[in-house]
Structures are given as C-alpha cells and as structure tokens.
>>> print(open('data-v7.cif').read())   # mmCIF, C-alpha atoms and all ligand atoms
data_work
loop_
_atom_site.label_atom_id
_atom_site.label_comp_id
_atom_site.auth_asym_id
_atom_site.auth_seq_id
_atom_site.Cartn_x
_atom_site.Cartn_y
_atom_site.Cartn_z
CA MET A 1 51.79 66.34 114.24
CA ALA A 2 50.17 64.06 111.71
CA GLU A 3 51.34 66.19 108.80
CA HIS A 4 54.18 68.61 108.68
CA GLY A 5 56.48 70.33 106.22
CA ALA A 6 60.21 70.27 105.61
CA ILE A 7 61.33 72.81 108.21
CA PHE A 8 59.43 71.21 111.08
CA GLY A 9 60.70 67.86 109.71
CA ALA A 10 64.27 69.11 110.07
CA MET A 11 63.56 70.13 113.67
CA LEU A 12 62.11 66.65 114.36
CA GLN A 13 65.20 64.92 112.96
CA GLU A 14 67.41 66.90 115.31
CA PHE A 15 65.03 66.27 118.21
CA ASP A 16 64.77 62.51 117.61
CA GLU A 17 68.52 62.00 117.57
CA ALA A 18 68.92 63.67 120.97
CA ALA A 19 65.82 61.98 122.44
CA ARG A 20 67.25 58.56 121.44
CA LEU A 21 70.57 59.26 123.19
CA LEU A 22 68.71 60.56 126.23
CA LYS A 23 66.47 57.45 126.22
CA LEU A 24 63.45 59.74 126.53
CA GLU A 25 60.22 58.11 127.67
CA PRO A 26 57.87 57.55 124.69
CA GLY A 27 55.02 59.54 126.30
CA ILE A 28 57.15 62.61 126.94
CA TRP A 29 58.60 62.20 123.43
CA LYS A 30 55.08 62.43 121.97
CA ILE A 31 54.17 65.52 124.00
CA LEU A 32 57.36 67.39 123.11
CA THR A 33 56.99 66.76 119.37
CA HIS A 34 53.51 68.34 119.13
CA PRO A 35 52.75 72.09 119.10
CA LYS A 36 50.44 73.07 121.94
CA ARG A 37 48.53 75.74 120.02
CA GLN A 38 48.55 77.05 116.43
CA ILE A 39 46.59 80.19 115.61
CA VAL A 40 45.87 81.34 112.03
CA VAL A 41 44.28 84.75 111.42
CA SER A 42 43.25 86.84 108.40
CA CYS A 43 44.11 90.52 108.66
CA PRO A 44 42.25 92.86 106.27
CA ILE A 45 44.07 96.17 105.72
CA GLN A 46 43.19 99.21 103.66
CA MET A 47 46.28 99.90 101.56
CA ASP A 48 47.48 103.41 100.65
CA ASN A 49 45.92 103.09 97.18
CA GLY A 50 42.50 102.60 98.78
CA GLU A 51 42.24 98.87 98.02
CA ILE A 52 41.69 96.22 100.68
CA GLU A 53 44.26 93.42 101.05
CA VAL A 54 43.95 90.42 103.36
CA PHE A 55 47.16 89.13 104.98
CA THR A 56 47.54 85.75 106.68
CA GLY A 57 49.17 85.76 110.12
CA TYR A 58 50.23 82.98 112.46
CA ARG A 59 51.10 82.64 116.13
CA VAL A 60 52.25 79.27 117.39
CA GLN A 61 52.72 78.48 121.08
CA TYR A 62 54.76 75.32 120.81
CA ASN A 63 55.27 74.58 124.50
CA ILE A 64 54.47 76.54 127.67
CA THR A 65 55.64 74.04 130.29
CA LEU A 66 58.43 76.25 131.67
CA GLY A 67 56.55 79.56 131.44
CA PRO A 68 54.88 81.98 129.01
CA ALA A 69 55.50 81.32 125.30
CA LYS A 70 58.35 83.51 124.07
CA GLY A 71 59.51 84.30 120.56
CA GLY A 72 59.62 86.82 117.78
CA ILE A 73 57.28 87.83 114.98
CA ARG A 74 58.61 87.86 111.42
CA TYR A 75 57.30 89.65 108.33
CA HIS A 76 58.35 87.85 105.14
CA PRO A 77 56.78 86.62 101.88
CA ASP A 78 57.95 83.04 102.62
CA VAL A 79 56.35 82.75 106.09
CA SER A 80 54.31 79.53 106.45
CA LEU A 81 52.67 77.60 109.28
CA ASP A 82 55.36 74.93 108.92
CA GLU A 83 58.13 77.51 109.32
CA VAL A 84 56.49 79.30 112.26
CA THR A 85 55.85 75.98 114.04
CA ALA A 86 59.48 74.87 113.62
CA LEU A 87 60.69 78.28 114.81
CA ALA A 88 58.36 78.06 117.85
CA ALA A 89 59.79 74.62 118.67
CA TRP A 90 63.33 76.00 118.35
CA MET A 91 62.35 78.82 120.74
CA THR A 92 61.23 76.18 123.26
CA TRP A 93 64.61 74.46 123.14
CA LYS A 94 66.46 77.78 123.03
CA CYS A 95 64.81 79.11 126.20
CA ALA A 96 65.52 75.79 127.94
CA VAL A 97 69.21 75.82 126.89
CA ALA A 98 69.47 79.46 128.05
CA HIS A 99 67.88 78.34 131.33
CA ILE A 100 65.20 81.04 131.41
CA PRO A 101 61.60 80.45 132.60
CA PHE A 102 59.86 80.63 129.22
CA GLY A 103 58.22 78.27 126.78
CA GLY A 104 58.54 78.70 123.03
CA GLY A 105 56.40 80.63 120.57
CA LYS A 106 56.71 82.33 117.21
CA GLY A 107 54.60 84.51 114.97
CA GLY A 108 54.68 85.53 111.36
CA ILE A 109 52.75 87.38 108.69
CA ILE A 110 52.99 86.57 104.98
CA CYS A 111 53.87 89.99 103.55
CA ASP A 112 56.68 91.88 101.85
CA PRO A 113 57.50 94.77 104.19
CA THR A 114 59.95 96.26 101.65
CA ARG A 115 56.93 97.08 99.46
CA MET A 116 54.74 98.52 102.23
CA SER A 117 54.52 102.04 103.65
CA LYS A 118 54.99 102.76 107.34
CA ARG A 119 51.26 103.38 107.69
CA GLU A 120 50.40 100.06 106.07
CA LEU A 121 52.86 98.23 108.34
CA GLU A 122 51.38 99.90 111.41
CA ALA A 123 47.82 99.00 110.35
CA LEU A 124 48.85 95.39 109.66
CA THR A 125 50.68 95.09 113.00
CA ARG A 126 47.75 96.48 114.99
CA ARG A 127 45.19 94.31 113.22
CA TYR A 128 47.31 91.16 113.65
CA ILE A 129 47.73 91.86 117.38
CA ALA A 130 44.01 92.58 117.76
CA GLU A 131 43.28 89.20 116.12
CA ILE A 132 45.52 87.28 118.57
CA ILE A 133 44.90 89.52 121.59
CA ASP A 134 43.31 86.85 123.80
CA ALA A 135 46.29 84.53 123.36
CA ILE A 136 49.06 86.98 124.33
CA GLY A 137 50.01 88.79 127.54
CA PRO A 138 52.86 88.99 130.07
CA GLU A 139 51.83 85.67 131.66
CA LYS A 140 50.73 83.98 128.42
CA ASP A 141 52.85 84.75 125.41
CA VAL A 142 55.40 87.54 124.96
CA PRO A 143 56.36 88.44 121.35
CA ALA A 144 59.62 90.08 120.26
CA PRO A 145 61.39 91.20 117.07
CA ASP A 146 62.47 88.75 114.39
CA VAL A 147 63.19 89.00 110.64
CA ASN A 148 61.96 92.41 109.32
CA THR A 149 60.39 93.57 112.60
CA ASN A 150 61.99 96.15 114.88
CA GLU A 151 61.58 98.42 117.92
CA GLN A 152 58.90 100.48 116.18
CA VAL A 153 56.80 97.38 115.48
CA MET A 154 57.20 96.35 119.15
CA ALA A 155 56.02 99.84 120.24
CA TRP A 156 52.83 99.42 118.11
CA ILE A 157 52.27 95.98 119.65
CA MET A 158 52.66 97.34 123.18
CA ASP A 159 50.27 100.20 122.42
CA THR A 160 47.63 98.01 120.74
CA TYR A 161 47.62 95.53 123.64
CA SER A 162 47.55 98.37 126.22
CA MET A 163 44.58 100.03 124.46
CA HIS A 164 42.66 96.75 124.58
CA VAL A 165 43.28 96.05 128.27
CA GLY A 166 42.81 99.68 129.31
CA HIS A 167 46.17 100.30 130.94
CA THR A 168 49.81 100.51 129.88
CA GLU A 169 51.28 97.01 129.88
CA THR A 170 54.96 97.08 128.95
CA ALA A 171 55.75 93.42 129.74
CA VAL A 172 53.55 92.08 126.89
CA VAL A 173 56.37 92.39 124.36
CA THR A 174 60.18 92.71 124.42
CA GLY A 175 62.65 94.44 122.13
CA LYS A 176 60.83 97.75 122.72
CA PRO A 177 62.39 101.22 122.48
CA ILE A 178 64.18 102.15 125.74
CA GLU A 179 61.75 105.06 126.31
CA LEU A 180 58.78 102.72 126.69
CA GLY A 181 60.18 99.94 128.84
CA GLY A 182 62.87 98.43 126.63
CA SER A 183 66.12 97.16 128.12
CA LEU A 184 69.51 98.68 127.55
CA GLY A 185 71.59 96.17 125.62
CA ARG A 186 68.60 94.32 124.06
CA ARG A 187 69.23 95.56 120.51
CA GLU A 188 72.81 94.30 120.60
CA ALA A 189 72.08 91.18 122.68
CA THR A 190 71.86 88.51 119.96
CA GLY A 191 75.09 89.75 118.34
CA ARG A 192 76.80 90.04 121.72
CA GLY A 193 75.81 86.45 122.53
CA VAL A 194 77.16 85.34 119.14
CA MET A 195 80.46 87.06 119.95
CA ILE A 196 80.64 85.32 123.36
CA VAL A 197 80.01 81.79 122.03
CA THR A 198 82.35 82.36 119.06
CA ARG A 199 85.07 83.33 121.53
CA GLU A 200 84.34 80.26 123.70
CA ALA A 201 84.30 77.93 120.67
CA ALA A 202 87.65 79.31 119.46
CA LYS A 203 89.11 78.93 122.95
CA HIS A 204 87.88 75.34 123.12
CA LEU A 205 89.78 74.61 119.90
CA GLY A 206 92.92 76.31 121.22
CA LYS A 207 92.46 79.59 119.30
CA GLU A 208 91.88 83.24 120.12
CA LEU A 209 89.53 85.68 118.40
CA ALA A 210 92.50 87.96 117.81
CA GLY A 211 94.11 86.69 114.63
CA SER A 212 91.08 84.63 113.52
CA THR A 213 89.44 85.34 110.16
CA ILE A 214 85.64 85.44 109.94
CA ALA A 215 83.03 85.48 107.13
CA ILE A 216 79.45 86.52 107.93
CA GLN A 217 76.26 86.01 105.90
CA GLY A 218 73.75 88.71 106.79
CA PHE A 219 74.16 92.33 107.92
CA GLY A 220 70.84 92.87 109.67
CA ASN A 221 70.45 93.33 113.41
CA VAL A 222 72.28 90.11 114.25
CA GLY A 223 74.99 90.01 111.56
CA SER A 224 75.97 93.67 111.87
CA VAL A 225 76.29 93.68 115.68
CA SER A 226 78.16 90.34 115.63
CA ALA A 227 80.58 91.76 113.04
CA ASP A 228 81.10 94.93 115.04
CA LEU A 229 81.72 93.20 118.39
CA LEU A 230 83.92 90.45 116.89
CA ALA A 231 86.03 93.09 115.12
CA LYS A 232 86.33 95.02 118.41
CA ALA A 233 87.44 91.75 120.07
CA GLY A 234 90.35 91.55 117.60
CA ALA A 235 89.02 89.22 114.88
CA THR A 236 89.49 90.07 111.20
CA ILE A 237 86.14 90.19 109.40
CA VAL A 238 87.14 89.37 105.83
CA ALA A 239 83.74 88.96 104.20
CA ILE A 240 80.11 89.98 104.68
CA THR A 241 77.16 89.48 102.34
CA ASP A 242 73.48 90.43 102.56
CA TYR A 243 70.35 89.69 100.48
CA LYS A 244 71.73 91.75 97.57
CA GLY A 245 75.44 90.93 97.54
CA GLY A 246 78.52 91.66 99.58
CA VAL A 247 82.21 92.40 99.93
CA TYR A 248 85.53 90.69 100.64
CA SER A 249 88.79 92.14 101.93
CA LYS A 250 91.76 89.95 102.85
CA ALA A 251 93.09 92.67 105.15
CA GLY A 252 89.73 92.98 106.93
CA LEU A 253 86.60 95.07 106.37
CA ASP A 254 85.97 98.36 108.18
CA VAL A 255 82.76 97.37 109.98
CA GLN A 256 82.12 100.90 111.32
CA LYS A 257 82.18 102.30 107.78
CA MET A 258 79.87 99.49 106.65
CA LEU A 259 77.38 100.39 109.38
CA GLU A 260 77.34 103.97 108.11
CA TYR A 261 77.03 102.75 104.51
CA VAL A 262 74.10 100.44 105.26
CA ALA A 263 72.26 103.18 107.17
CA LYS A 264 72.24 105.23 103.94
CA ASN A 265 71.94 102.52 101.27
CA LYS A 266 69.91 99.77 103.08
CA THR A 267 72.38 97.16 101.72
CA ILE A 268 76.15 96.57 101.85
CA ASP A 269 76.17 95.61 98.18
CA LYS A 270 78.72 97.80 96.32
CA PHE A 271 80.35 98.96 99.59
CA PRO A 272 83.59 100.54 98.32
CA GLY A 273 85.91 99.03 100.99
CA GLY A 274 86.48 95.61 99.34
CA GLU A 275 85.98 93.35 96.31
CA ALA A 276 82.47 92.31 95.28
CA LEU A 277 81.42 88.89 96.63
CA SER A 278 78.30 86.80 96.07
CA ASN A 279 76.40 84.92 98.76
CA GLU A 280 77.37 81.57 97.18
CA ASP A 281 81.08 82.41 97.17
CA LEU A 282 81.01 83.40 100.84
CA PHE A 283 80.54 79.83 102.03
CA GLY A 284 83.65 78.46 100.27
CA LEU A 285 86.07 81.09 101.60
CA ASP A 286 89.22 79.99 103.38
CA VAL A 287 88.38 81.43 106.81
CA ASP A 288 88.62 80.16 110.39
CA ILE A 289 85.03 80.94 111.34
CA LEU A 290 81.81 81.15 109.31
CA ILE A 291 78.72 82.85 110.74
CA PRO A 292 75.40 82.44 108.90
CA ALA A 293 73.26 85.28 110.28
CA ALA A 294 70.40 85.44 107.76
CA LEU A 295 67.63 82.89 107.14
CA GLU A 296 67.19 79.10 107.39
CA ASN A 297 68.44 76.48 104.88
CA GLN A 298 71.54 78.35 103.69
CA ILE A 299 74.09 75.56 104.15
CA THR A 300 72.83 72.50 102.28
CA VAL A 301 74.24 69.36 100.61
CA ALA A 302 75.01 71.62 97.63
CA ASN A 303 77.59 73.78 99.43
CA ALA A 304 78.50 71.93 102.70
CA LYS A 305 81.44 70.13 101.09
CA ASP A 306 82.97 73.45 99.94
CA ILE A 307 83.12 74.90 103.43
CA ARG A 308 86.66 75.39 104.68
CA ALA A 309 85.93 77.05 108.03
CA LYS A 310 86.71 75.01 111.17
CA ILE A 311 83.99 76.66 113.23
CA ILE A 312 80.42 77.55 112.20
CA VAL A 313 78.36 79.68 114.56
CA GLU A 314 74.64 79.62 113.71
CA ALA A 315 73.54 83.18 114.41
CA ALA A 316 70.40 82.61 112.28
CA ASN A 317 67.71 80.06 113.13
CA GLY A 318 68.06 76.81 111.18
CA PRO A 319 70.73 77.90 108.66
CA VAL A 320 72.19 74.36 108.25
CA THR A 321 69.98 71.52 106.92
CA PRO A 322 70.23 68.15 108.77
CA GLU A 323 71.90 66.52 105.73
CA ALA A 324 74.48 69.32 105.56
CA ASN A 325 74.99 69.01 109.30
CA ASN A 326 75.98 65.34 108.86
CA ILE A 327 78.53 66.29 106.17
CA LEU A 328 80.01 68.99 108.42
CA HIS A 329 80.09 66.59 111.37
CA ASP A 330 81.97 63.95 109.33
CA ARG A 331 84.44 66.60 108.22
CA GLY A 332 85.11 67.62 111.84
CA VAL A 333 83.67 71.14 111.63
CA PHE A 334 82.72 72.46 115.09
CA VAL A 335 79.14 73.79 114.76
CA VAL A 336 77.69 75.97 117.52
CA PRO A 337 73.94 75.36 117.00
CA ASP A 338 71.33 78.11 116.68
CA ILE A 339 69.48 77.28 119.90
CA LEU A 340 72.69 78.05 121.77
CA ALA A 341 74.45 80.54 119.47
CA ASN A 342 71.64 83.07 119.08
CA SER A 343 70.09 82.72 122.54
CA GLY A 344 71.55 86.07 123.68
CA GLY A 345 68.52 87.86 122.21
CA VAL A 346 65.90 85.98 124.13
CA THR A 347 68.06 86.01 127.27
CA VAL A 348 68.02 89.81 127.32
CA SER A 349 64.32 89.69 126.38
CA TYR A 350 63.92 87.81 129.65
CA PHE A 351 65.86 90.57 131.45
CA GLU A 352 63.58 93.15 129.78
CA TRP A 353 60.43 91.30 130.92
CA VAL A 354 61.83 91.07 134.48
CA GLN A 355 62.65 94.81 134.51
CA ASP A 356 59.19 95.73 133.18
CA ARG A 357 57.45 93.64 135.82
CA TYR A 358 59.69 95.04 138.52
CA GLY A 359 59.41 98.61 137.24
CA TYR A 360 63.11 98.98 137.97
CA PHE A 361 65.66 99.31 135.19
CA TRP A 362 69.26 98.14 135.13
CA GLU A 363 72.38 99.83 133.82
CA GLU A 364 73.74 98.53 130.51
CA VAL A 365 76.83 97.13 132.20
CA ASP A 366 74.60 94.97 134.47
CA VAL A 367 72.65 93.65 131.48
CA ASN A 368 75.86 92.80 129.61
CA ASP A 369 77.49 91.18 132.66
CA ARG A 370 74.44 88.98 133.28
CA LEU A 371 74.29 88.07 129.58
CA GLU A 372 77.99 87.14 129.61
CA LYS A 373 77.41 84.86 132.61
CA LYS A 374 74.32 83.20 131.07
CA MET A 375 75.94 82.60 127.67
CA HIS A 376 79.12 81.26 129.25
CA GLU A 377 77.09 78.85 131.39
CA ALA A 378 74.92 77.72 128.46
CA PHE A 379 77.95 77.12 126.22
CA HIS A 380 79.74 75.05 128.85
CA ASP A 381 76.59 73.07 129.83
CA VAL A 382 76.25 72.07 126.18
CA LEU A 383 79.98 71.37 125.75
CA GLN A 384 80.07 69.12 128.83
CA THR A 385 76.95 67.30 127.60
CA SER A 386 78.57 66.74 124.18
CA ILE A 387 81.59 65.20 125.94
CA LYS A 388 79.38 63.05 128.19
CA TYR A 389 77.20 61.72 125.35
CA LYS A 390 80.00 61.72 122.73
CA CYS A 391 77.86 63.75 120.34
CA ASP A 392 78.08 67.04 118.48
CA MET A 393 77.08 70.39 119.99
CA ARG A 394 73.66 70.44 118.28
CA THR A 395 72.58 67.09 119.68
CA ALA A 396 74.04 68.08 123.05
CA ALA A 397 72.04 71.34 123.08
CA TYR A 398 68.85 69.37 122.37
CA ILE A 399 69.74 66.91 125.13
CA VAL A 400 70.10 69.78 127.63
CA ALA A 401 66.81 71.31 126.48
CA ILE A 402 64.77 68.10 126.28
CA ALA A 403 66.01 66.97 129.69
CA ARG A 404 64.95 70.28 131.26
CA VAL A 405 61.51 70.49 129.62
CA GLY A 406 60.94 66.73 129.95
CA THR A 407 61.71 66.68 133.68
CA VAL A 408 59.23 69.47 134.40
CA THR A 409 56.58 67.87 132.14
CA LYS A 410 56.88 64.67 134.14
CA MET A 411 56.84 66.43 137.53
CA ARG A 412 53.72 68.41 136.62
CA GLY A 413 51.98 65.22 135.47
CA MET A 414 48.99 64.74 133.19
CA TYR A 415 45.89 66.89 133.53
CA ALA A 416 42.78 64.72 133.18
N1 LIG A 501 63.50 86.42 117.48
C1 LIG A 501 64.57 86.14 118.39
C2 LIG A 501 64.94 84.67 118.36
O1 LIG A 501 64.71 83.98 117.39
C3 LIG A 501 64.29 86.68 119.79
C4 LIG A 501 63.09 86.13 120.47
C5 LIG A 501 62.76 86.83 121.79
O2 LIG A 501 63.51 87.66 122.24
O3 LIG A 501 61.71 86.50 122.33
O4 LIG A 501 65.55 84.17 119.27
#
>>> encode(input="data-v7.cif", output="structure tokens")
Amino acid sequence: MAEHGAIFGAMLQEFDEAARLLKLEPGIWKILTHPKRQIVVSCPIQMDNGEIEVFTGYRVQYNITLGPAKGGIRYHPDVSLDEVTALAAWMTWKCAVAHIPFGGGKGGIICDPTRMSKRELEALTRRYIAEIIDAIGPEKDVPAPDVNTNEQVMAWIMDTYSMHVGHTETAVVTGKPIELGGSLGRREATGRGVMIVTREAAKHLGKELAGSTIAIQGFGNVGSVSADLLAKAGATIVAITDYKGGVYSKAGLDVQKMLEYVAKNKTIDKFPGGEALSNEDLFGLDVDILIPAALENQITVANAKDIRAKIIVEAANGPVTPEANNILHDRGVFVVPDILANSGGVTVSYFEWVQDRYGYFWEEVDVNDRLEKKMHEAFHDVLQTSIKYKCDMRTAAYIVAIARVGTVTKMRGMYA
C-alpha cells in the first residue's frame, strides 16, 4: 500500500523480517504486502431517540489465495481502516499457520456498543451486512465474532444474508448459536487453543502448567476461557485485569467465582476474592507466564523492560509492538505470537463451516480432539522453523505462513 498507518506498519515490519530470512521473491513479496480488497460503507440507523446516525463500517479481504476470506467483525470506537487491514493481514497468516483452507479478512464498525440498545445494535448489524452483501458468502468471505460481537450478532448476520439470498445459508458466518448451525466447542475454542500452546511452550522450556503462575489481561471471551482452562490444567492464575481494573491473589484466583461475578457485574473490577490491581501493574508482576488477551499495542517500549514473565502468550491480536518485541527478544522472553496463539478460534470456525456445508454435526469431544491435534501441529511446525532459521517464534510463524501462501500464489500464476 502506498500509504498506511501504524498498525499495518507493525504488521509489515514483522512480515519483512520473515520474508528476508525466507529469501522471498520480490514479486510475491509485493503481492503479499497489499490488501486485495478494502470496502468502506456508511450505515444510517434510526436510533431509539428518533434521530438518524450514520456509522462507518469496513470489510477488508486481505488475501484469498488459499480460500474464502475469513475473520471476525469488531465493534469499537477506535476501529479504523488501518486497524482492520492489519487485522485482515494477520488473519491471512493465522489461517496459513493453522493450515486451514482460508484467506484472511476482517470487518469493523466505528461505534460504542456499550452505549447502544439491543435494537440499535441489531439495526446496525443488519444494515452493515446489507451494505457488504455482495462481497460475502460461504465461498467468498465468512465473518465471525471479534471484539464486542457475539453469537447473537452472528445470528443476525446469518438471518440478514439468508433473507437476501432467499434460503437459509448457515455457512456464511461462524461463531453462531448451536441451535442455528454453530459448532460445539466454538465459543471456548480460542481460549482452549491458548491453553494448549501455553502448555506446549511451558513444556518446551522444561516446565509444567501445574505449579506455574499466570497473569492475564482481559476477561472477555478469550481471557475468561483461557483462565478457566489453565486453572483446570493446574496453573495458578494470580492476576486478571479488564478494561476497568482487576484483582491479584498470590494464592490464586477462583476463576469460577469470577465468571459468576462478571456475569452479574459486566466487569471483574472490585471482585472480592483478591487485592485491587491496575492494568499497568499487571505487566510487571513476578509470574511465569503473561497472557495479554485484550486489544493491540498493550506491551510497548514503556513497559516491556518491566516484564518479569519468561513466557508471553499473545491471546489478543497484536498486543506487543515491534519495538517491545525486540526488547523481549533480547531479554530472552519466549513469546508465542498471536497468529499461532489465538488460532484456535478460527480453526474451530473452519470446523463449523465444514459441518454447516456437510449438514452433519460433530460431538464436542471430536471438535476438541481435532483442535488439540491442529494446535499441537501448528505449535511444533513453528518451533521447528524457529530452530531451523535461528529466529524467534513470531518470525518463524510468519515464515511458515508466507511460505504456504507464497507457494500457492506462485503455482496459481498471474492472471492477465
Ligand atoms: N476474530 C477471531 C480471530 O481474530 C476469529 C476469526 C474467525 O473465527 O474467523 O481470530
């Protein structure tokens, strides 16, 4: 892209480092650093007070070489075309690392869902989908949940698309409620994948989850499930924060009680089972493993030097800036990068899409077994690549992804 912002710039820095080590052909390099398609739409909605508001929405299909574009839709006041494009690129590399037949896409709407009613959110979702309807579909582009979107939003997307095409089409979106074609295990999949790679990373460094201490930033869909499954696997979760604040307990937090608390209070701030802890203080805690599971740009030059954890697992997309990544690398911190660490979600999205197209649904144990196998394979592909190229896990993950997408790009050849 001729012009781009800071988040896409961060993605490019990571990409370029891996492409150099891989000695990627200049032509393929150019193709893979440009988004295929960027769509910008205006969505007018009548608000509950009778006034009309116009919301800006984006859908970016970064690369569709391996299959339909795949990636979530986020609702957040800070959404921008730069952010959505970077996230769509990360989806491309993530699907390639996970070895599933999808390209990468992402969508977003600039809005503050915490200040909108359910009716307003439904109207906005339906209008946004109607605006991008020609670009999506089971063979074209398959959205999913992301920050501030959930099963209900996916149900509205499925219904809006189905109304337009005149028949029920479940495979147009993943992360749906089970009753309308969702997959068992999808809601927990990203957190389950995080648990699996955290376990593998600890094992690689000669440790076990049992007896390890963990701090987690974020208690949304990803952070809460990761905390729950890691605690069940024997780890001690000593700290969790969310957008409002958080808690610390040396002896370990009761994650089950926190899940009940958050269901009632919408935040874990002031949870009575530990001492109050701020988001900033979380990063400097003396723990074995740190899991950022919120938004991008959380670990920066300002706090990277305070980090005492030996392992960082990027459950969020882009939580560590490239400059902070260099500091962590020099200090010997083992970072499991986002495009590997949080790929459990899109992997089970792939299983959901397969089940919808088949019209035959698997038991939860089958979904979890297949996810375990996929995550294990992806982790070890990346680890072996990092040993082969003598690089960190992030660069290795990009090498795996770029090699896979690059090979197919070359085999397919140029059109016209
Ligand atoms: N939004 C999730 C991600 O960033 C899931 C995407 C999907 O399932 O398509 O990986």
>>> residues_near_ligand(input="data-v7.cif", ligand="ligand LIG 501 (chain A)", cutoff="9 Å", atoms="only C-alpha atoms and all ligand atoms", output="short mmCIF file (atom, residue, chain, number, x, y, z; two decimals) with C-alpha atoms, in the coordinates of the input")
data_model
loop_
_atom_site.label_atom_id
_atom_site.label_comp_id
_atom_site.auth_asym_id
_atom_site.auth_seq_id
_atom_site.Cartn_x
_atom_site.Cartn_y
_atom_site.Cartn_z
CA ALA A 69 55.50 81.32 125.30
CA LYS A 70 58.35 83.51 124.07
CA GLY A 71 59.51 84.30 120.56
CA GLY A 72 59.62 86.82 117.78
CA ILE A 73 57.28 87.83 114.98
CA ARG A 74 58.61 87.86 111.42
CA LEU A 87 60.69 78.28 114.81
CA ALA A 88 58.36 78.06 117.85
CA TRP A 90 63.33 76.00 118.35
CA MET A 91 62.35 78.82 120.74
CA LYS A 94 66.46 77.78 123.03
CA CYS A 95 64.81 79.11 126.20
CA GLY A 104 58.54 78.70 123.03
CA GLY A 105 56.40 80.63 120.57
CA LYS A 106 56.71 82.33 117.21
CA VAL A 142 55.40 87.54 124.96
CA PRO A 143 56.36 88.44 121.35
CA ALA A 144 59.62 90.08 120.26
CA PRO A 145 61.39 91.20 117.07
CA ASP A 146 62.47 88.75 114.39
CA VAL A 147 63.19 89.00 110.64
CA VAL A 173 56.37 92.39 124.36
CA THR A 174 60.18 92.71 124.42
CA GLY A 175 62.65 94.44 122.13
CA ARG A 186 68.60 94.32 124.06
CA THR A 190 71.86 88.51 119.96
CA ALA A 316 70.40 82.61 112.28
CA ASN A 317 67.71 80.06 113.13
CA ASP A 338 71.33 78.11 116.68
CA ILE A 339 69.48 77.28 119.90
CA ASN A 342 71.64 83.07 119.08
CA SER A 343 70.09 82.72 122.54
CA GLY A 344 71.55 86.07 123.68
CA GLY A 345 68.52 87.86 122.21
CA VAL A 346 65.90 85.98 124.13
CA THR A 347 68.06 86.01 127.27
CA VAL A 348 68.02 89.81 127.32
CA SER A 349 64.32 89.69 126.38
CA TYR A 350 63.92 87.81 129.65
#
>>> residues_near_point(input="data-v7.cif", point="(63.0, 69.1, 105.7)", cutoff="12 Å", atoms="only C-alpha atoms", output="ChimeraX atom specification")
/A:4-14,82-83,86,296-297,300,318,320-324
>>> write_last_selection(input="data-v7.cif", atoms="C-alpha atoms", output="JSON list (two decimals), keeping the file's coordinate frame")
[["chain", "number", "residue", "atom", "x", "y", "z"],
["A", 4, "HIS", "CA", 54.18, 68.61, 108.68],
["A", 5, "GLY", "CA", 56.48, 70.33, 106.22],
["A", 6, "ALA", "CA", 60.21, 70.27, 105.61],
["A", 7, "ILE", "CA", 61.33, 72.81, 108.21],
["A", 8, "PHE", "CA", 59.43, 71.21, 111.08],
["A", 9, "GLY", "CA", 60.70, 67.86, 109.71],
["A", 10, "ALA", "CA", 64.27, 69.11, 110.07],
["A", 11, "MET", "CA", 63.56, 70.13, 113.67],
["A", 12, "LEU", "CA", 62.11, 66.65, 114.36],
["A", 13, "GLN", "CA", 65.20, 64.92, 112.96],
["A", 14, "GLU", "CA", 67.41, 66.90, 115.31],
["A", 82, "ASP", "CA", 55.36, 74.93, 108.92],
["A", 83, "GLU", "CA", 58.13, 77.51, 109.32],
["A", 86, "ALA", "CA", 59.48, 74.87, 113.62],
["A", 296, "GLU", "CA", 67.19, 79.10, 107.39],
["A", 297, "ASN", "CA", 68.44, 76.48, 104.88],
["A", 300, "THR", "CA", 72.83, 72.50, 102.28],
["A", 318, "GLY", "CA", 68.06, 76.81, 111.18],
["A", 320, "VAL", "CA", 72.19, 74.36, 108.25],
["A", 321, "THR", "CA", 69.98, 71.52, 106.92],
["A", 322, "PRO", "CA", 70.23, 68.15, 108.77],
["A", 323, "GLU", "CA", 71.90, 66.52, 105.73],
["A", 324, "ALA", "CA", 74.48, 69.32, 105.56]]
>>> closest_residue(input="data-v7.cif", among="A:Asp228, A:Arg331, A:Tyr62, A:Gln217", to="Pro319 in chain A", atoms="only C-alpha atoms")
A:Gln217
>>> residues_around(input="data-v7.cif", residues="Lys140 in chain A", least_positions_apart="5", cutoff="12 Å", atoms="all atoms listed in the file", output="MDAnalysis selection string")
chainID A and resid 37 61 63:71 102:105 132:135 171:173
>>> closest_residue(input="data-v7.cif", among="A:Val405, A:Asp281, A:Thr395, A:Asp159", to="Asn303 in chain A", atoms="all atoms listed in the file")
A:Asp281
>>> residues_around(input="data-v7.cif", residues="range 282-292 of chain A", least_positions_apart="5", cutoff="8 Å", atoms="only C-alpha atoms", output="PDB file with C-alpha atoms, in the coordinates of the input")
ATOM      1  CA  SER A 212      91.080  84.630 113.520  1.00  0.00           C
ATOM      2  CA  THR A 213      89.440  85.340 110.160  1.00  0.00           C
ATOM      3  CA  ILE A 214      85.640  85.440 109.940  1.00  0.00           C
ATOM      4  CA  ALA A 215      83.030  85.480 107.130  1.00  0.00           C
ATOM      5  CA  ILE A 216      79.450  86.520 107.930  1.00  0.00           C
ATOM      6  CA  GLN A 217      76.260  86.010 105.900  1.00  0.00           C
ATOM      7  CA  GLY A 218      73.750  88.710 106.790  1.00  0.00           C
ATOM      8  CA  ALA A 239      83.740  88.960 104.200  1.00  0.00           C
ATOM      9  CA  ILE A 240      80.110  89.980 104.680  1.00  0.00           C
ATOM     10  CA  THR A 241      77.160  89.480 102.340  1.00  0.00           C
ATOM     11  CA  LEU A 277      81.420  88.890  96.630  1.00  0.00           C
ATOM     12  CA  GLN A 298      71.540  78.350 103.690  1.00  0.00           C
ATOM     13  CA  ASN A 303      77.590  73.780  99.430  1.00  0.00           C
ATOM     14  CA  ASP A 306      82.970  73.450  99.940  1.00  0.00           C
ATOM     15  CA  ILE A 307      83.120  74.900 103.430  1.00  0.00           C
ATOM     16  CA  ARG A 308      86.660  75.390 104.680  1.00  0.00           C
ATOM     17  CA  ALA A 309      85.930  77.050 108.030  1.00  0.00           C
ATOM     18  CA  LYS A 310      86.710  75.010 111.170  1.00  0.00           C
ATOM     19  CA  ILE A 311      83.990  76.660 113.230  1.00  0.00           C
ATOM     20  CA  ILE A 312      80.420  77.550 112.200  1.00  0.00           C
ATOM     21  CA  VAL A 313      78.360  79.680 114.560  1.00  0.00           C
ATOM     22  CA  GLU A 314      74.640  79.620 113.710  1.00  0.00           C
ATOM     23  CA  ALA A 315      73.540  83.180 114.410  1.00  0.00           C
ATOM     24  CA  ALA A 316      70.400  82.610 112.280  1.00  0.00           C
ATOM     25  CA  PRO A 319      70.730  77.900 108.660  1.00  0.00           C
TER      26      PRO A 319
END
>>> atom_distance(input="data-v7.cif", atom1="CA of Phe15 in chain A", atom2="CA of Ile399 in chain A")
8.4 Å
